file start.pdb (PDB, C-alpha atoms)
ATOM      1  CA  MET Z   1     -46.525 -25.839   5.687  1.00  0.00           C
ATOM      2  CA  ALA Z   2     -44.815 -25.761   2.323  1.00  0.00           C
ATOM      3  CA  ARG Z   3     -41.461 -25.340   4.075  1.00  0.00           C
ATOM      4  CA  VAL Z   4     -42.101 -28.483   6.128  1.00  0.00           C
ATOM      5  CA  TYR Z   5     -43.181 -30.491   3.100  1.00  0.00           C
ATOM      6  CA  ALA Z   6     -40.182 -29.264   1.075  1.00  0.00           C
ATOM      7  CA  ALA Z   7     -37.733 -30.274   3.804  1.00  0.00           C
ATOM      8  CA  TRP Z   8     -39.537 -33.531   4.591  1.00  0.00           C
ATOM      9  CA  PRO Z   9     -41.501 -34.820   1.568  1.00  0.00           C
ATOM     10  CA  GLU Z  10     -43.045 -37.719   3.514  1.00  0.00           C
ATOM     11  CA  ALA Z  11     -44.498 -35.401   6.170  1.00  0.00           C
ATOM     12  CA  ARG Z  12     -47.935 -35.124   4.568  1.00  0.00           C
ATOM     13  CA  ASP Z  13     -48.413 -38.892   4.429  1.00  0.00           C
ATOM     14  CA  LYS Z  14     -47.074 -39.381   7.959  1.00  0.00           C
ATOM     15  CA  MET Z  15     -49.370 -36.669   9.311  1.00  0.00           C
ATOM     16  CA  LYS Z  16     -52.368 -38.114   7.471  1.00  0.00           C
ATOM     17  CA  SER Z  17     -51.612 -41.460   9.091  1.00  0.00           C
ATOM     18  CA  VAL Z  18     -51.679 -39.880  12.553  1.00  0.00           C
ATOM     19  CA  LEU Z  19     -54.959 -38.114  11.805  1.00  0.00           C
ATOM     20  CA  LYS Z  20     -56.492 -41.317  10.447  1.00  0.00           C
ATOM     21  CA  ARG Z  21     -55.573 -43.142  13.635  1.00  0.00           C
ATOM     22  CA  TRP Z  22     -57.049 -40.372  15.781  1.00  0.00           C
ATOM     23  CA  SER Z  23     -60.213 -40.441  13.688  1.00  0.00           C
ATOM     24  CA  SER Z  24     -60.520 -44.203  14.204  1.00  0.00           C
ATOM     25  CA  VAL Z  25     -60.573 -43.703  17.979  1.00  0.00           C
ATOM     26  CA  GLY Z  26     -63.219 -40.991  17.896  1.00  0.00           C
ATOM     27  CA  PHE Z  27     -61.438 -37.696  17.331  1.00  0.00           C
ATOM     28  CA  GLY Z  28     -63.334 -36.902  14.125  1.00  0.00           C
ATOM     29  CA  ASN Z  29     -61.973 -35.429  10.932  1.00  0.00           C
ATOM     30  CA  LEU Z  30     -59.112 -33.180  11.934  1.00  0.00           C
ATOM     31  CA  ARG Z  31     -57.101 -31.378   9.249  1.00  0.00           C
ATOM     32  CA  LEU Z  32     -53.395 -31.443   8.464  1.00  0.00           C
ATOM     33  CA  GLU Z  33     -53.156 -27.721   9.157  1.00  0.00           C
ATOM     34  CA  TRP Z  34     -54.581 -28.260  12.635  1.00  0.00           C
ATOM     35  CA  LEU Z  35     -52.081 -30.992  13.464  1.00  0.00           C
ATOM     36  CA  LEU Z  36     -49.122 -28.964  12.238  1.00  0.00           C
ATOM     37  CA  ARG Z  37     -50.315 -25.890  14.144  1.00  0.00           C
ATOM     38  CA  VAL Z  38     -50.657 -27.899  17.367  1.00  0.00           C
ATOM     39  CA  MET Z  39     -47.228 -29.449  16.848  1.00  0.00           C
ATOM     40  CA  THR Z  40     -45.806 -25.981  16.199  1.00  0.00           C
ATOM     41  CA  ALA Z  41     -47.360 -24.585  19.369  1.00  0.00           C
ATOM     42  CA  VAL Z  42     -46.083 -27.463  21.496  1.00  0.00           C
ATOM     43  CA  MET Z  43     -42.558 -27.407  20.052  1.00  0.00           C
ATOM     44  CA  THR Z  44     -42.071 -23.641  19.953  1.00  0.00           C
ATOM     45  CA  GLY Z  45     -44.618 -22.055  22.288  1.00  0.00           C
ATOM     46  CA  GLU Z  46     -46.022 -20.171  19.281  1.00  0.00           C
ATOM     47  CA  ALA Z  47     -48.921 -21.096  17.010  1.00  0.00           C
ATOM     48  CA  TYR Z  48     -47.521 -19.396  13.912  1.00  0.00           C
ATOM     49  CA  PHE Z  49     -45.980 -21.665  11.270  1.00  0.00           C
ATOM     50  CA  SER Z  50     -43.113 -19.187  10.931  1.00  0.00           C
ATOM     51  CA  ALA Z  51     -41.884 -20.440  14.321  1.00  0.00           C
ATOM     52  CA  LEU Z  52     -40.915 -23.696  12.592  1.00  0.00           C
ATOM     53  CA  ARG Z  53     -38.004 -21.980  10.849  1.00  0.00           C
ATOM     54  CA  ASN Z  54     -35.786 -22.967  13.784  1.00  0.00           C
ATOM     55  CA  ILE Z  55     -37.024 -26.571  13.993  1.00  0.00           C
ATOM     56  CA  ASP Z  56     -35.155 -29.247  12.072  1.00  0.00           C
ATOM     57  CA  VAL Z  57     -36.699 -32.267  10.347  1.00  0.00           C
ATOM     58  CA  PRO Z  58     -35.540 -34.838  12.949  1.00  0.00           C
ATOM     59  CA  THR Z  59     -37.303 -32.815  15.659  1.00  0.00           C
ATOM     60  CA  LEU Z  60     -40.500 -32.735  13.595  1.00  0.00           C
ATOM     61  CA  GLN Z  61     -40.269 -36.466  13.010  1.00  0.00           C
ATOM     62  CA  THR Z  62     -39.756 -37.183  16.708  1.00  0.00           C
ATOM     63  CA  ASP Z  63     -42.691 -34.975  17.700  1.00  0.00           C
ATOM     64  CA  LEU Z  64     -44.989 -36.567  15.131  1.00  0.00           C
ATOM     65  CA  GLU Z  65     -43.991 -40.060  16.267  1.00  0.00           C
ATOM     66  CA  LYS Z  66     -44.734 -39.074  19.852  1.00  0.00           C
ATOM     67  CA  ASN Z  67     -48.186 -37.847  18.788  1.00  0.00           C
ATOM     68  CA  ARG Z  68     -48.824 -41.047  16.842  1.00  0.00           C
ATOM     69  CA  LYS Z  69     -48.064 -43.186  19.865  1.00  0.00           C
ATOM     70  CA  GLU Z  70     -50.064 -41.077  22.315  1.00  0.00           C
ATOM     71  CA  GLY Z  71     -53.036 -40.424  20.065  1.00  0.00           C
TER      72      GLY Z  71
END

call {"tool": "encode", "arguments": {"input": "start.pdb", "output": "structure tokens"}}
result
Amino acid sequence: MARVYAAWPEARDKMKSVLKRWSSVGFGNLRLEWLLRVMTAVMTGEAYFSALRNIDVPTLQTDLEKNRKEG
């Protein structure tokens, strides 16, 4: 997670916004780590954060925006 936040400093706030929206529609109190792990699994086919080493920031941003819209 630190690697993501170092490469994209706004990631934490953006992810919190997505989780807040999901909470407001009944998905409870999910954690940042959960969201990043799910995003990692969807983007890479692996649930380990180390799989993100080959994912660039624009790809992360696009995936998070997709989750925000669909959540």

call {"tool": "atom_distance", "arguments": {"input": "start.pdb", "atom1": "atom CA of Ala7 of chain Z", "atom2": "atom CA of Val57 of chain Z"}}
result
6.9 Å

call {"tool": "resolve_selection", "arguments": {"input": "start.pdb", "expression": "the PyMOL selection byres ((chain Z and resi 8) around 12)", "output": "ChimeraX atom specification"}}
result
/Z:1-7,9-15,55-61

call {"tool": "resolve_selection", "arguments": {"input": "start.pdb", "expression": "the PyMOL selection byres ((chain Z and resi 18) around 9)", "output": "count of residues only"}}
result
17

call {"tool": "atom_distance", "arguments": {"input": "start.pdb", "atom1": "atom CA of Leu36 of chain Z", "atom2": "atom CA of Asn54 of chain Z"}}
result
14.7 Å

call {"tool": "atom_distance", "arguments": {"input": "start.pdb", "atom1": "atom CA of Glu46 of chain Z", "atom2": "atom CA of Leu32 of chain Z"}}
result
17.3 Å

call {"tool": "closest_residue", "arguments": {"input": "start.pdb", "among": "Z:Glu33, Z:Met39, Z:Phe27, Z:Phe49", "to": "Thr62 of chain Z", "atoms": "all atoms listed in the file"}}
result
Z:Met39
